[in-house]
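Input: a single structure, listed below in structure tokens.
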Amino acid sequence: MIDRIGVVWEGIWFQDSPTTPLEISRIGIGVALLQHYILATPYLLTFWGDDGWMPRTVLAEEHSDPWAQSILFYLAAPWQLYVFHALFLACCVAFTLGWRTSWVKWAVLAGQLSYDNRNPDMYYGVDSILACLLLILCFAPIGRALSLDRVRQVRAAKLADLGAHPRRFTSRWAFACTRLMQIQMAALFFYSAVGKIRGEQWWHGDAAWRVFSSADYYSEFMLRILAPNFWLVNIATYAVILIELAFPFMVWQRRSRPYLLAGAVFLHLQFALLMNLYYFSFVMVMGHMSFVFPHWLQRWGAMWKWRIGPMEMIYDGHCGFCKRSMAGFLAFDGLRQIQIRDFRSNPSDVVSDEQMKKALYLVLPDKRALPGFEAYRYVVLRVPGLWWLIPFFYIPVFSRLFGHPIYNWIAANRSRL
């Protein structure tokens, strides 16, 4: 019996799993933090300065919690607050991109708690949720996928051998942290539903009407729609309770998970669009990304790869600059869509050696061969990891006007480079 309990316990907490769902949550939470605190920048001294809403003397009188610590307690001058804010935003950018994630994630958590504890009057539910999710991510082995840390690892391997494919990271601890985030989200929905059904307006089915007629979320547009169709109010009210009650119990089954996850995301989209709770809704949706099965992402990646079709890049294996450039380029190809060929050791039957001495070529399934700049331009639109380069290759007129000469100059001088 003890052995069986151990097997069940291992199945619940410690299965070998990639970090991809956690990485999606990391990216989304990083984007939410950036947007939130960039918008707060003009009001930095008002929100967290000594001459603003919460001077430290008032804070000490009204909120005397010895466990609530903040780096901002020790910053008096306005310039110090601005420097701290700039460093925090830089850490949020690094956290979102997955650069030096092992320590940046702790800096982001410390910064978030510092803002929360410096002005508790601005603290509300989403800040608690965000702090919990950040704490889980701090203990998780994130930065192993969908990150610049992974790009650096792949690039280092390809510098030694362009054909190398570093093993995708998986660990039992990654699964445990994913499970902890899932339990966090399920518990939030459960207690939210329990709190709602204790109120009479939710039993009577008119809670949605009361929301849009309240001072906080008043919407004349919604009231005009709901007033002649009060049955919509009943459906909306009971649908919220149904999703929040069903989610913590049915989201664990493989067959029902897609429907419950879609329902939870749809619910928070409504909160964002109809109640202007954009920050809260986005953070909650990113927490729900922990329920995405890794094999869903693998299947979507395979479908994308099949739809785009194979692409073969032919390069000069005698050119050190070409190999280093190719290693950096391929490091962003997480789906491994690009195949490579060294024309020196493996000549192509589509592109001649004389053509290859002038430029890199991309060969498509229909045997079309795109040279140089056009090859890169074709690839960046079809490899998700390279989408950040799209503006450089698709700026109207500018990209072609300057892209071709720059590439041709580099190709002509690659031996010196």
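The way I read the labels, and the way they are meant: chains A, B, ... in the order of the structure tokens, residue 1 as the first residue of every chain, and ligand 1 as the first ligand shown, with later ones counted on from there.
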Range 10-76 of chain A near range 280-303 of chain A within 8 Å: what's each residue's closest atom pair and its distance in Å to one decimal, counting only C-alpha atoms, ordered by chain then ascending residue number, as a Markdown table?
| residue | atom | partner | partner_atom | distance |
| --- | --- | --- | --- | --- |
| A:Ser17 | CA | A:Pro294 | CA | 7.9 |
| A:Pro18 | CA | A:Pro294 | CA | 7.1 |
| A:Thr20 | CA | A:Pro294 | CA | 6.6 |
| A:Pro21 | CA | A:Ser290 | CA | 5.1 |
| A:Leu22 | CA | A:Ser290 | CA | 6.0 |
| A:Ile24 | CA | A:Met289 | CA | 6.8 |
| A:Ser25 | CA | A:Met286 | CA | 4.8 |
| A:Arg26 | CA | A:Met286 | CA | 8.0 |
| A:Gly28 | CA | A:Met286 | CA | 5.8 |
| A:Ile29 | CA | A:Val283 | CA | 6.2 |
| A:Ala32 | CA | A:Val283 | CA | 6.9 |
**OP:** Do a neighbour search on range 103-120 of chain A at 6 Å with only C-alpha atoms, toss out local chain neighbours closer than 4 positions, and write the hits as a ChimeraX atom specification.
**Re:** /A:68,70-71,91,138
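Among A:Ala176, A:Pro391, A:Gly309, A:Val154, the residue with the shortest atom-to-atom distance to Asp16 in chain A, counting only C-alpha atoms, is A:Ala176.
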**OP:** Considering only C-alpha atoms, return as a list in words whatever protein or nucleic-acid residues lie within 8 Å of range 394-406 of chain A, sequence-local ones (same chain, fewer than 4 positions apart) excluded.
**Re:**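 Surrounding residues, per the criterion: Gly372, Phe373, Arg377, Ile390 and Ile410 of chain A.
The spacing separating CA of Leu33 in chain A from CA of Val83 in chain A amounts to 17.1 Å.
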Original post:
Could you pull out all residues of range 200-362 of chain A with a DSSP call of strand (DSSP E or B) and give them as a list of chain:residue names?
Top reply: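 Selecting the strand (DSSP E or B) positions of range 200-362 of chain A gives A:Met311, A:Glu312, A:Met313, A:Ile314, A:Tyr315, A:Ile338, A:Gln339, A:Ile340, A:Arg341, A:Asp342, A:Tyr361, A:Leu362.
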Original post:
How many Å separate CA of Phe266 in chain A from CA of Ala246 in chain A?
Top reply: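 These atoms are spaced 14.4 Å apart.
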Subject >> alpha helix (DSSP H) call set, DSSP backbone run, range 143-192 of chain A, as a PyMOL selection string >> reply: chain A and resi 148-160+172-192
Subject >> For Ala160 in chain A: contacts at 12 Å, only C-alpha atoms, fewer than 2 positions along chain excluded, given as a list of chain:residue names >> reply: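 Answer for this query is A:Gln153, A:Val154, A:Arg155, A:Ala156, A:Ala157, A:Lys158, A:Leu162, A:Gly163, A:Ala164, A:His165, A:Pro166, A:Gly320, A:Lys323, A:Arg324, A:Met326, A:Ala327, A:Gly328.
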Subject >> Atomic separation - CA of Arg168 in chain A relative to CA of Ala131 in chain A, Å >> reply: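 Interatomic distance here is 28.6 Å.
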**OP:** Give me the residues within 9 Å of range 216-222 of chain A as a ChimeraX atom specification, counting only C-alpha atoms and dropping any in the same chain fewer than 4 places off.
**Re:** /A:209,211-212,226-227,274-276
Original post:
Within 10 Å of Ile243 in chain A, counting only C-alpha atoms, which residues qualify if same-chain residues fewer than 2 places away don't, as a ChimeraX atom specification?
Top reply: /A:189-190,193,238-241,245-248,250,259-261,263-264,267
Just the residues within 12 Å of Asp366 in chain A, please, counting only C-alpha atoms, with nothing from its chain fewer than 4 positions along; format it as a PDB file with N, CA and C atoms, in the first residue's frame.
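Dumped to part00.pdb:
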ATOM      1  N   GLY A 309       6.414  24.024 -44.429  1.00  0.00           N
ATOM      2  CA  GLY A 309       7.216  23.185 -45.308  1.00  0.00           C
ATOM      3  C   GLY A 309       8.704  23.290 -45.006  1.00  0.00           C
ATOM      4  N   PRO A 310       9.481  22.345 -45.518  1.00  0.00           N
ATOM      5  CA  PRO A 310      10.934  22.358 -45.237  1.00  0.00           C
ATOM      6  C   PRO A 310      11.646  23.514 -45.934  1.00  0.00           C
ATOM      7  N   MET A 311      12.697  23.975 -45.274  1.00  0.00           N
ATOM      8  CA  MET A 311      13.543  25.038 -45.829  1.00  0.00           C
ATOM      9  C   MET A 311      14.991  24.624 -45.632  1.00  0.00           C
ATOM     10  N   GLU A 312      15.773  24.717 -46.683  1.00  0.00           N
ATOM     11  CA  GLU A 312      17.184  24.330 -46.609  1.00  0.00           C
ATOM     12  C   GLU A 312      18.064  25.533 -46.905  1.00  0.00           C
ATOM     13  N   VAL A 350      20.649  22.224 -56.931  1.00  0.00           N
ATOM     14  CA  VAL A 350      19.782  23.346 -57.305  1.00  0.00           C
ATOM     15  C   VAL A 350      20.595  24.613 -57.508  1.00  0.00           C
ATOM     16  N   LEU A 362      18.661  29.940 -50.003  1.00  0.00           N
ATOM     17  CA  LEU A 362      17.601  29.176 -49.356  1.00  0.00           C
ATOM     18  C   LEU A 362      16.842  28.412 -50.436  1.00  0.00           C
ATOM     19  N   LEU A 370      16.316  31.162 -53.196  1.00  0.00           N
ATOM     20  CA  LEU A 370      16.334  32.590 -52.883  1.00  0.00           C
ATOM     21  C   LEU A 370      17.723  32.969 -52.389  1.00  0.00           C
TER      22      LEU A 370
END
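The nearest approach to Ile308 in chain A among the residues A:Asn234, A:Gln201, A:Gln355, A:Gln337, with only C-alpha atoms taken into account, belongs to A:Gln337.
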Original post:
Smallest atom-to-atom distance to Ile183 in chain A: which of A:Val93, A:Ile12, A:Leu130, A:Cys319, using only C-alpha atoms?
Top reply: A:Ile12
